[in-house]
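Asks: Okay, here's the structure, questions in a sec.
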2 protein chains.
Amino acid sequence: MSTENKILDSIASSKNNKPHCGTCSLSSLCLPIALQANDLDALDQVIKRGRPIQKGEMLFKQGDDFNAVFAIRTGAVKSFTVARSGEEQITGFHLASELVGLSGYAEDVYPLSAKALETTTVCELPLDKLEVLCDEIPGLRKQIMRNMSGEIRQDQQMMLQLSKKSADERLAYFLLELSGRFERRGFSAKAFRLAMSRVDISNYLGLAVETVSRIFTRFQKNGLIATEGKEITLLNLDELNNLTGNPSLNAQCDSQ
Amino acid sequence: MSTENKILDSIASSKNNKPHCGTCSLSSLCLPIALQANDLDALDQVIKRGRPIQKGEMLFKQGDDFNAVFAIRTGAVKSFTVARSGEEQITGFHLASELVGLSGYAEDVYPLSAKALETTTVCELPLDKLEVLCDEIPGLRKQIMRNMSGEIRQDQQMMLQLSKKSADERLAYFLLELSGRFERRGFSAKAFRLAMSRVDISNYLGLAVETVSRIFTRFQKNGLIATEGKEITLLNLDELNNLTGNPSLNAQCDSQ
DNA sequence: CGTCTACTTGACCACTATCAACGCTGGTGG
DNA sequence: CCACCAGCGTTGATAGTGGTCAAGTAGACG
C-alpha cells in the first residue's frame, strides 16, 4: 500500500478502512440524516470515493458538464464564479459534510468552479444515479431540497452582508459564522484554522486584502481575537457579536 | 358576481373564466414546462387560486410557517430578508411565471418576506400536496430542483455584482437583466414599466437612493435610457452592455 | 388646495480602494 | 550553506466612489 493510500484511509475513517455512510462520523450532518438503514445502503452504493484532492486542484470547473454532486468528507473547498469580465467572486467556503455542485441543476453545466483549499477527500455522487435514487427515496429528495433551500437562504444572507454592512461587520460576521460551523462539527468554536488565504477572505467579503489585513490587526489590538498565521482564536465572542450589528448570532445559542 | 371577482377572472385569463395550467399562457415558462398532460392535471388540481393580492399586501412573512410555494400569474412581487438589526435587503423581484417561497424548505419557516409591488395574482401550491406530487411525478421534482438551482445561481451572480461592481455597472446590469426577463415573456426588451420604486432598486443593488437617482439622470443625459416616472426605455443596449463590465449580456443573443 | 410620498439635486465627507513599499516564509538552485 | 525568488501578509499615504444630510420639486390623492 502506498503512502498516499495509507494517508487516505487514515483520514477517511479512524476505525474502518472501508468508508461507508453508515459509519461515517458526518452522517448526522450530511445527506444520511434523513435516511433509513436500507436507503442508506442504496445511497452508499452509488458513491464514488476517489483519491484525495490536493490543495489547489479543482473538483469541477465553471462550464463543465454537470454530472456529479460532491459531499466533502475531510478538508475544505472554495467555490467561485468568474464573470465574463474576468473578475472572480468566491461564493462560499465548504467544510466537511457539506454538498457542493447542486447549482449545476438549472443549466446542466456547473455555473461555478470548486477548488480544494487543502488536501480534501470527497464523496462523489454521480448525477444519473442520484436522480434515480431521488425518485426512489423521498427522504433523499427532501434532504437535497432542504440543502438547496438552505444554500439559497445562506446566499441571501450574504447579499445582505455585502450590500448593507461595513467592513468590520462583515469580518466579524464571517468569523462567527465559521465558528458556528466548526462548533456544529464538534470542534472548538473559539480556536480554529482558517483554511483560506487573506485574499480569499477579502474576495468573499467584497473587500480589499489590505482592508481585511488591517481589520485583523485592529481586532487583535482590541483583544477580540488572536492570530498566528492561519490559526485564529476568538477571545471575545460577545463583542464580536455586537460588531456584526446583529443582536446575537453566536451568543447564548446553547439550544442551537 | 361581485366586482372583485369579475376583476379576478378578467385578469386570470383573457379567454376562459376558469384558469387552468393547461391553458395558462405561462405554461412554457412555469412549472408545467416539463409535465405530461395527465401530470399537468394532477398539478392543476392542487393549485389554489385566491383573490388578487393588492399592492403592498404580503404573500408571506419571514418566520411564518412554510406551508406553500407561490407561482406568480400576473403582477410583480419583491422578496426581502430583515436582519435582526432591522436592515432590510431585497433579495429579488419576481415576475409572472416565477416561483416564490422555495427557500422555506430548509427550516420549515420562510426565511424572507414577499410583498406585492402591484396588484398580483398567484397560484398557491400547498406544501403538503406539493410534496406528494413531487414523489409521484419525477418531472415535477426535477423542475422544482432546477428552479432552486437557478435561484442559487442567480443569487450568486448578485453576490458578484454587490461585491465587485461599481454603481453604474450595477444599475446597467439591473436594467438589462430585467429587460431580458420581459423579453422572454414576450414583452418589449426596450420599453417596460418598473414595478418597483427607486428605493427598492437602490436597496436591491446595495446603493443609496440618491446614487440610483443620479445615475438614472446621467444615463438619460448620455442618451442611454429615457424615463418617464416608472416607464423606462432602453435606447442603447450595446452601450449599456459595455457599462456592465461584462462583454455581452444582452447583445447579439438571438439564439437565447 | 394642502398633504404625503416618491424622486431629484447639491454639498460635503467617510469609508475603503488603490498604490507603494516592506517583512516573512518556504522552496529552489548554485 | 547561503542567495535568490515568489507568494502571502502587513503597514502607510493618498484619493475616489458613493453615503449622508439637507433642501427642493413633482405627482397622487383626499
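Chain labels run A, B, ... following the order of the C-alpha cells; each chain numbers its residues from 1, and ligands are numbered from 1 in the order shown.
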Write out as JSON lines the residues of chain A that have any atom within 12 Å of an atom of chain D, one row each with the nearest atom pair and its distance in Å to one decimal, counting only C-alpha atoms (C1' of nucleotides), sorted by chain and then rising number.
Replies:
```
{"residue": "A:Lys164", "atom": "CA", "partner": "D:DG19", "partner_atom": "C1'", "distance": 11.4}
{"residue": "A:Ser166", "atom": "CA", "partner": "D:DG19", "partner_atom": "C1'", "distance": 11.7}
{"residue": "A:Met196", "atom": "CA", "partner": "D:DC8", "partner_atom": "C1'", "distance": 11.7}
{"residue": "A:Ser197", "atom": "CA", "partner": "D:DC8", "partner_atom": "C1'", "distance": 8.1}
{"residue": "A:Arg198", "atom": "CA", "partner": "D:DG9", "partner_atom": "C1'", "distance": 7.8}
{"residue": "A:Val199", "atom": "CA", "partner": "D:DC8", "partner_atom": "C1'", "distance": 8.7}
{"residue": "A:Asp200", "atom": "CA", "partner": "D:DC8", "partner_atom": "C1'", "distance": 11.5}
{"residue": "A:Val209", "atom": "CA", "partner": "D:DG9", "partner_atom": "C1'", "distance": 9.0}
{"residue": "A:Glu210", "atom": "CA", "partner": "D:DT10", "partner_atom": "C1'", "distance": 7.9}
{"residue": "A:Thr211", "atom": "CA", "partner": "D:DT10", "partner_atom": "C1'", "distance": 10.4}
{"residue": "A:Val212", "atom": "CA", "partner": "D:DT10", "partner_atom": "C1'", "distance": 10.3}
{"residue": "A:Ser213", "atom": "CA", "partner": "D:DT10", "partner_atom": "C1'", "distance": 6.7}
{"residue": "A:Arg214", "atom": "CA", "partner": "D:DT10", "partner_atom": "C1'", "distance": 7.7}
{"residue": "A:Ile215", "atom": "CA", "partner": "D:DT10", "partner_atom": "C1'", "distance": 11.0}
{"residue": "A:Phe216", "atom": "CA", "partner": "D:DT10", "partner_atom": "C1'", "distance": 10.1}
{"residue": "A:Thr217", "atom": "CA", "partner": "D:DT10", "partner_atom": "C1'", "distance": 8.7}
{"residue": "A:Arg218", "atom": "CA", "partner": "D:DT10", "partner_atom": "C1'", "distance": 11.8}
{"residue": "A:Glu228", "atom": "CA", "partner": "D:DG9", "partner_atom": "C1'", "distance": 11.6}
{"residue": "A:Gly229", "atom": "CA", "partner": "D:DG9", "partner_atom": "C1'", "distance": 9.0}
{"residue": "A:Lys230", "atom": "CA", "partner": "D:DG9", "partner_atom": "C1'", "distance": 10.8}
```
Asks: Tell me, counting only C-alpha atoms (C1' of nucleotides), for each residue of chain C within 10 Å of chain B, which pair of atoms is nearest and how far apart they are in Å to one decimal, in rows ordered by chain and increasing number, as a tab-separated table.
Replies:
```
residue	atom	partner	partner_atom	distance
C:DA6	C1'	B:Ser197	CA	7.9
C:DC7	C1'	B:Ser213	CA	7.5
C:DT8	C1'	B:Ser213	CA	6.7
C:DT9	C1'	B:Arg214	CA	8.2
```
Asks: Taking N, CA, C and O atoms (P, O5', C5', C4', C3', O3' and C1' of nucleotides) for each residue, export the selection above as a PDB file, in the first residue's frame.
Replies:
```
ATOM      1  P    DA C   6     -43.198  56.397  -0.588  1.00  0.00           P
ATOM      2  O5'  DA C   6     -42.753  57.045  -1.969  1.00  0.00           O
ATOM      3  C5'  DA C   6     -43.566  56.876  -3.121  1.00  0.00           C
ATOM      4  C4'  DA C   6     -42.917  57.578  -4.282  1.00  0.00           C
ATOM      5  C3'  DA C   6     -41.484  57.127  -4.549  1.00  0.00           C
ATOM      6  O3'  DA C   6     -41.331  56.896  -5.937  1.00  0.00           O
ATOM      7  C1'  DA C   6     -41.530  59.474  -4.209  1.00  0.00           C
ATOM      8  P    DC C   7     -39.988  56.335  -6.486  1.00  0.00           P
ATOM      9  O5'  DC C   7     -39.193  57.634  -6.925  1.00  0.00           O
ATOM     10  C5'  DC C   7     -39.823  58.560  -7.816  1.00  0.00           C
ATOM     11  C4'  DC C   7     -39.035  59.834  -7.854  1.00  0.00           C
ATOM     12  C3'  DC C   7     -37.540  59.682  -8.151  1.00  0.00           C
ATOM     13  O3'  DC C   7     -37.298  60.189  -9.453  1.00  0.00           O
ATOM     14  C1'  DC C   7     -37.985  61.371  -6.551  1.00  0.00           C
ATOM     15  P    DT C   8     -35.844  60.175 -10.073  1.00  0.00           P
ATOM     16  O5'  DT C   8     -35.301  61.614  -9.670  1.00  0.00           O
ATOM     17  C5'  DT C   8     -35.996  62.773 -10.108  1.00  0.00           C
ATOM     18  C4'  DT C   8     -35.302  64.017  -9.585  1.00  0.00           C
ATOM     19  C3'  DT C   8     -33.811  64.117  -9.912  1.00  0.00           C
ATOM     20  O3'  DT C   8     -33.626  65.303 -10.664  1.00  0.00           O
ATOM     21  C1'  DT C   8     -34.238  64.651  -7.634  1.00  0.00           C
ATOM     22  P    DT C   9     -32.323  65.550 -11.486  1.00  0.00           P
ATOM     23  O5'  DT C   9     -31.474  66.479 -10.521  1.00  0.00           O
ATOM     24  C5'  DT C   9     -32.058  67.690 -10.029  1.00  0.00           C
ATOM     25  C4'  DT C   9     -31.215  68.267  -8.920  1.00  0.00           C
ATOM     26  C3'  DT C   9     -29.702  68.217  -9.137  1.00  0.00           C
ATOM     27  O3'  DT C   9     -29.232  69.544  -9.232  1.00  0.00           O
ATOM     28  C1'  DT C   9     -30.294  67.651  -6.912  1.00  0.00           C
TER      29       DT C   9
END
```
Asks: Can you check which residues of segment 179-250 of chain A DSSP gives as strand (DSSP E) on the backbone and send them as a PyMOL selection string?
Replies: chain A and resi 191-193+225-228+231-234
Asks: Could you work out which residues of chain B fall inside 8 Å of chain A? Count only C-alpha atoms, and format the result as a PyMOL selection string.
Replies: chain B and resi 81+83-85+87-89+91+102-107+111+135+138+145-153+155-160+162-164+205-207+245-247
Asks: Would you mind listing what lies within 9 Å of Ala114 of chain A as a list of chain:residue names, with only C-alpha atoms (C1' of nucleotides) counted and same-chain residues fewer than 2 positions away left out?
Replies: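 So the residues in contact are A:Glu57, A:Met58, A:Leu59, A:Phe60, A:Lys61, A:Gln62, A:Val77, A:Lys78, A:Ser79, A:Phe80, A:Thr81, A:Val100, A:Gly101, A:Leu112, A:Ala116.
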Asks: Please write the residues from the selection above to a file, keeping N, CA, C and O atoms, as a tab-separated table (two decimals), in the first residue's frame.
Replies:
```tsv
chain	number	residue	atom	x	y	z
A	57	GLU	N	-6.14	21.83	-6.46
A	57	GLU	CA	-6.81	21.07	-7.52
A	57	GLU	C	-8.29	21.45	-7.59
A	57	GLU	O	-8.89	21.84	-6.59
A	58	MET	N	-8.87	21.28	-8.78
A	58	MET	CA	-10.28	21.62	-8.97
A	58	MET	C	-11.16	20.39	-8.82
A	58	MET	O	-10.84	19.32	-9.35
A	59	LEU	N	-12.29	20.56	-8.16
A	59	LEU	CA	-13.31	19.50	-8.14
A	59	LEU	C	-14.05	19.51	-9.48
A	59	LEU	O	-14.31	18.47	-10.07
A	60	PHE	N	-14.40	20.70	-9.91
A	60	PHE	CA	-15.01	20.89	-11.22
A	60	PHE	C	-14.82	22.34	-11.62
A	60	PHE	O	-14.53	23.19	-10.77
A	61	LYS	N	-14.97	22.57	-12.91
A	61	LYS	CA	-14.76	23.94	-13.42
A	61	LYS	C	-16.06	24.50	-13.99
A	61	LYS	O	-16.88	23.77	-14.56
A	62	GLN	N	-16.22	25.79	-13.82
A	62	GLN	CA	-17.36	26.50	-14.39
A	62	GLN	C	-17.49	26.15	-15.87
A	62	GLN	O	-16.52	26.25	-16.62
A	77	VAL	N	-13.06	23.41	0.77
A	77	VAL	CA	-13.17	23.75	-0.64
A	77	VAL	C	-13.70	25.17	-0.76
A	77	VAL	O	-14.50	25.60	0.07
A	78	LYS	N	-13.24	25.90	-1.75
A	78	LYS	CA	-13.88	27.17	-2.05
A	78	LYS	C	-14.58	27.06	-3.38
A	78	LYS	O	-14.10	26.38	-4.29
A	79	SER	N	-15.73	27.70	-3.53
A	79	SER	CA	-16.37	27.73	-4.84
A	79	SER	C	-16.45	29.18	-5.29
A	79	SER	O	-16.61	30.08	-4.47
A	80	PHE	N	-16.33	29.39	-6.58
A	80	PHE	CA	-16.29	30.77	-7.08
A	80	PHE	C	-16.78	30.84	-8.51
A	80	PHE	O	-16.64	29.89	-9.28
A	81	THR	N	-17.37	31.97	-8.83
A	81	THR	CA	-17.81	32.21	-10.21
A	81	THR	C	-16.84	33.20	-10.85
A	81	THR	O	-16.27	34.05	-10.18
A	100	VAL	N	-21.48	20.22	-2.52
A	100	VAL	CA	-21.05	21.22	-3.48
A	100	VAL	C	-21.51	20.81	-4.88
A	100	VAL	O	-21.43	19.63	-5.23
A	101	GLY	N	-22.01	21.75	-5.63
A	101	GLY	CA	-22.31	21.48	-7.03
A	101	GLY	C	-23.79	21.46	-7.37
A	101	GLY	O	-24.15	21.33	-8.53
A	112	LEU	N	-20.25	27.46	-11.59
A	112	LEU	CA	-19.13	27.94	-10.79
A	112	LEU	C	-18.06	26.87	-10.74
A	112	LEU	O	-18.28	25.74	-11.18
A	116	ALA	N	-9.94	22.93	-4.15
A	116	ALA	CA	-9.56	22.50	-2.79
A	116	ALA	C	-8.64	23.52	-2.14
A	116	ALA	O	-7.68	23.98	-2.75
```
Asks: Give me, as a ChimeraX atom specification, all polymer residues having an atom no more than 12 Å from Leu178 of chain A, counting only C-alpha atoms (C1' of nucleotides) and skipping those fewer than 3 positions away in the same chain.
Replies: /A:92-95,171-175,181-185,187-196,201,232-234,249-250
Asks: Filtering to N, CA, C and O atoms, could you give me those residues as a compact mmCIF listing (two decimals), in the first residue's frame?
Replies:
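In the end it all went to part_15.txt:
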```txt
# COMPACT_ATOMS: atom_id res chain seq x y z
N GLY A 92 -18.54 30.79 -1.72
CA GLY A 92 -18.68 30.04 -0.48
C GLY A 92 -17.46 29.22 -0.14
O GLY A 92 -16.67 28.87 -1.03
N PHE A 93 -17.30 28.95 1.15
CA PHE A 93 -16.29 28.00 1.61
C PHE A 93 -17.04 26.79 2.17
O PHE A 93 -18.02 26.95 2.90
N HIS A 94 -16.58 25.62 1.82
CA HIS A 94 -17.33 24.43 2.20
C HIS A 94 -16.50 23.50 3.07
O HIS A 94 -15.36 23.20 2.74
N LEU A 95 -17.09 23.10 4.18
CA LEU A 95 -16.39 22.22 5.12
C LEU A 95 -16.96 20.81 5.04
O LEU A 95 -17.91 20.55 4.31
N LEU A 171 -16.38 41.22 8.55
CA LEU A 171 -15.36 40.30 9.03
C LEU A 171 -15.82 39.61 10.31
O LEU A 171 -15.62 38.41 10.49
N ALA A 172 -16.44 40.37 11.19
CA ALA A 172 -16.95 39.78 12.43
C ALA A 172 -17.97 38.69 12.10
O ALA A 172 -17.93 37.59 12.66
N TYR A 173 -18.85 38.99 11.19
CA TYR A 173 -19.86 38.01 10.76
C TYR A 173 -19.19 36.76 10.20
O TYR A 173 -19.55 35.63 10.54
N PHE A 174 -18.21 36.98 9.37
CA PHE A 174 -17.50 35.86 8.75
C PHE A 174 -16.89 34.94 9.80
O PHE A 174 -17.05 33.72 9.75
N LEU A 175 -16.21 35.53 10.77
CA LEU A 175 -15.54 34.73 11.80
C LEU A 175 -16.56 33.97 12.65
O LEU A 175 -16.37 32.78 12.93
N ARG A 181 -19.98 26.97 12.44
CA ARG A 181 -19.92 25.74 11.64
C ARG A 181 -18.93 24.75 12.24
O ARG A 181 -19.18 23.55 12.25
N PHE A 182 -17.82 25.25 12.75
CA PHE A 182 -16.87 24.34 13.40
C PHE A 182 -17.51 23.72 14.64
O PHE A 182 -17.40 22.52 14.88
N GLU A 183 -18.19 24.54 15.40
CA GLU A 183 -18.82 24.05 16.62
C GLU A 183 -19.81 22.93 16.31
O GLU A 183 -19.82 21.89 16.98
N ARG A 184 -20.62 23.12 15.29
CA ARG A 184 -21.60 22.10 14.93
C ARG A 184 -20.94 20.79 14.51
O ARG A 184 -21.54 19.74 14.56
N ARG A 185 -19.68 20.88 14.09
CA ARG A 185 -18.95 19.67 13.71
C ARG A 185 -18.16 19.09 14.87
O ARG A 185 -17.37 18.17 14.69
N PHE A 187 -15.95 20.75 16.78
CA PHE A 187 -14.66 21.39 17.03
C PHE A 187 -14.87 22.60 17.92
O PHE A 187 -15.99 23.02 18.19
N SER A 188 -13.76 23.16 18.34
CA SER A 188 -13.83 24.35 19.18
C SER A 188 -14.44 25.51 18.40
O SER A 188 -14.12 25.73 17.23
N ALA A 189 -15.31 26.25 19.06
CA ALA A 189 -15.90 27.43 18.43
C ALA A 189 -14.96 28.61 18.54
O ALA A 189 -15.14 29.62 17.87
N LYS A 190 -13.95 28.48 19.39
CA LYS A 190 -13.11 29.64 19.69
C LYS A 190 -11.75 29.60 19.01
O LYS A 190 -11.12 30.65 18.83
N ALA A 191 -11.28 28.43 18.71
CA ALA A 191 -9.95 28.33 18.10
C ALA A 191 -9.99 27.39 16.92
O ALA A 191 -10.42 26.24 17.05
N PHE A 192 -9.61 27.89 15.78
CA PHE A 192 -9.60 27.03 14.60
C PHE A 192 -8.60 27.57 13.58
O PHE A 192 -7.95 28.60 13.80
N ARG A 193 -8.51 26.83 12.48
CA ARG A 193 -7.56 27.20 11.45
C ARG A 193 -8.31 27.70 10.24
O ARG A 193 -9.27 27.08 9.80
N LEU A 194 -7.90 28.85 9.72
CA LEU A 194 -8.53 29.38 8.52
C LEU A 194 -7.87 28.73 7.30
O LEU A 194 -6.71 29.01 7.00
N ALA A 195 -8.62 27.87 6.65
CA ALA A 195 -8.03 27.15 5.52
C ALA A 195 -7.78 28.09 4.34
O ALA A 195 -6.92 27.83 3.50
N MET A 196 -8.49 29.20 4.31
CA MET A 196 -8.40 30.10 3.15
C MET A 196 -7.41 31.23 3.42
O MET A 196 -7.16 31.59 4.57
N ILE A 201 -10.49 35.50 1.72
CA ILE A 201 -11.45 36.11 2.65
C ILE A 201 -11.91 37.46 2.09
O ILE A 201 -13.10 37.75 2.06
N ILE A 232 -6.46 30.94 14.38
CA ILE A 232 -7.13 32.10 14.96
C ILE A 232 -7.88 31.69 16.22
O ILE A 232 -8.41 30.58 16.31
N THR A 233 -7.87 32.58 17.19
CA THR A 233 -8.62 32.35 18.43
C THR A 233 -9.56 33.53 18.63
O THR A 233 -9.14 34.68 18.57
N LEU A 234 -10.81 33.22 18.85
CA LEU A 234 -11.78 34.27 19.12
C LEU A 234 -11.82 34.49 20.63
O LEU A 234 -12.20 33.60 21.38
N LEU A 249 -25.68 36.40 17.33
CA LEU A 249 -25.58 35.41 16.26
C LEU A 249 -25.08 34.13 16.90
O LEU A 249 -25.53 33.05 16.59
N ASN A 250 -24.12 34.30 17.81
CA ASN A 250 -23.48 33.14 18.42
C ASN A 250 -23.68 33.15 19.93
O ASN A 250 -23.44 32.15 20.60
```
Asks: In Å, how far is it from atom CA of Val122 of chain A to atom CA of Glu98 of chain A?
Replies: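 Calculated distance between atom CA of Val122 of chain A and atom CA of Glu98 of chain A is 9.8 Å.
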Asks: Could you check how far atom CA of Gly63 of chain B sits from atom CA of Val109 of chain B, in Å to one decimal?
Replies: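 Spanning atom CA of Gly63 of chain B to atom CA of Val109 of chain B is a straight-line distance of 5.3 Å.
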Asks: Could you jot down the atom CA of Ser27 of chain B to atom CA of Phe66 of chain B separation for me, Å, one decimal place?
Replies: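 So the answer is 24.8 Å.
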Asks: Per DSSP on the backbone, what are the helix (DSSP H, G or I) residues of segment 16-218 of chain B, as a PyMOL selection string?
Replies: chain B and resi 31-34+37-46+102-104+127-136+138-164+167-184+198-205+209-218
Asks: Set the distance at 6 Å and use only C-alpha atoms (C1' of nucleotides): which residues neighbour segment 42-48 of chain A once local chain neighbours fewer than 4 positions away are removed? I'd like the list as a list in words.
Replies: Cys21, Cys123, Glu124 and Leu125 of chain A
Asks: Suppose we keep C-alpha atoms; can you now write the selection as an mmCIF file, in the first residue's frame?
Replies:
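Output (selection_32.cif):
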```cif
data_model
loop_
_atom_site.group_PDB
_atom_site.id
_atom_site.type_symbol
_atom_site.label_atom_id
_atom_site.label_comp_id
_atom_site.auth_asym_id
_atom_site.auth_seq_id
_atom_site.Cartn_x
_atom_site.Cartn_y
_atom_site.Cartn_z
ATOM 1 C CA CYS A 21 -22.154 6.302 5.017
ATOM 2 C CA CYS A 123 -17.779 11.532 -1.795
ATOM 3 C CA GLU A 124 -18.819 11.874 -5.405
ATOM 4 C CA LEU A 125 -22.491 11.348 -6.205
#
```
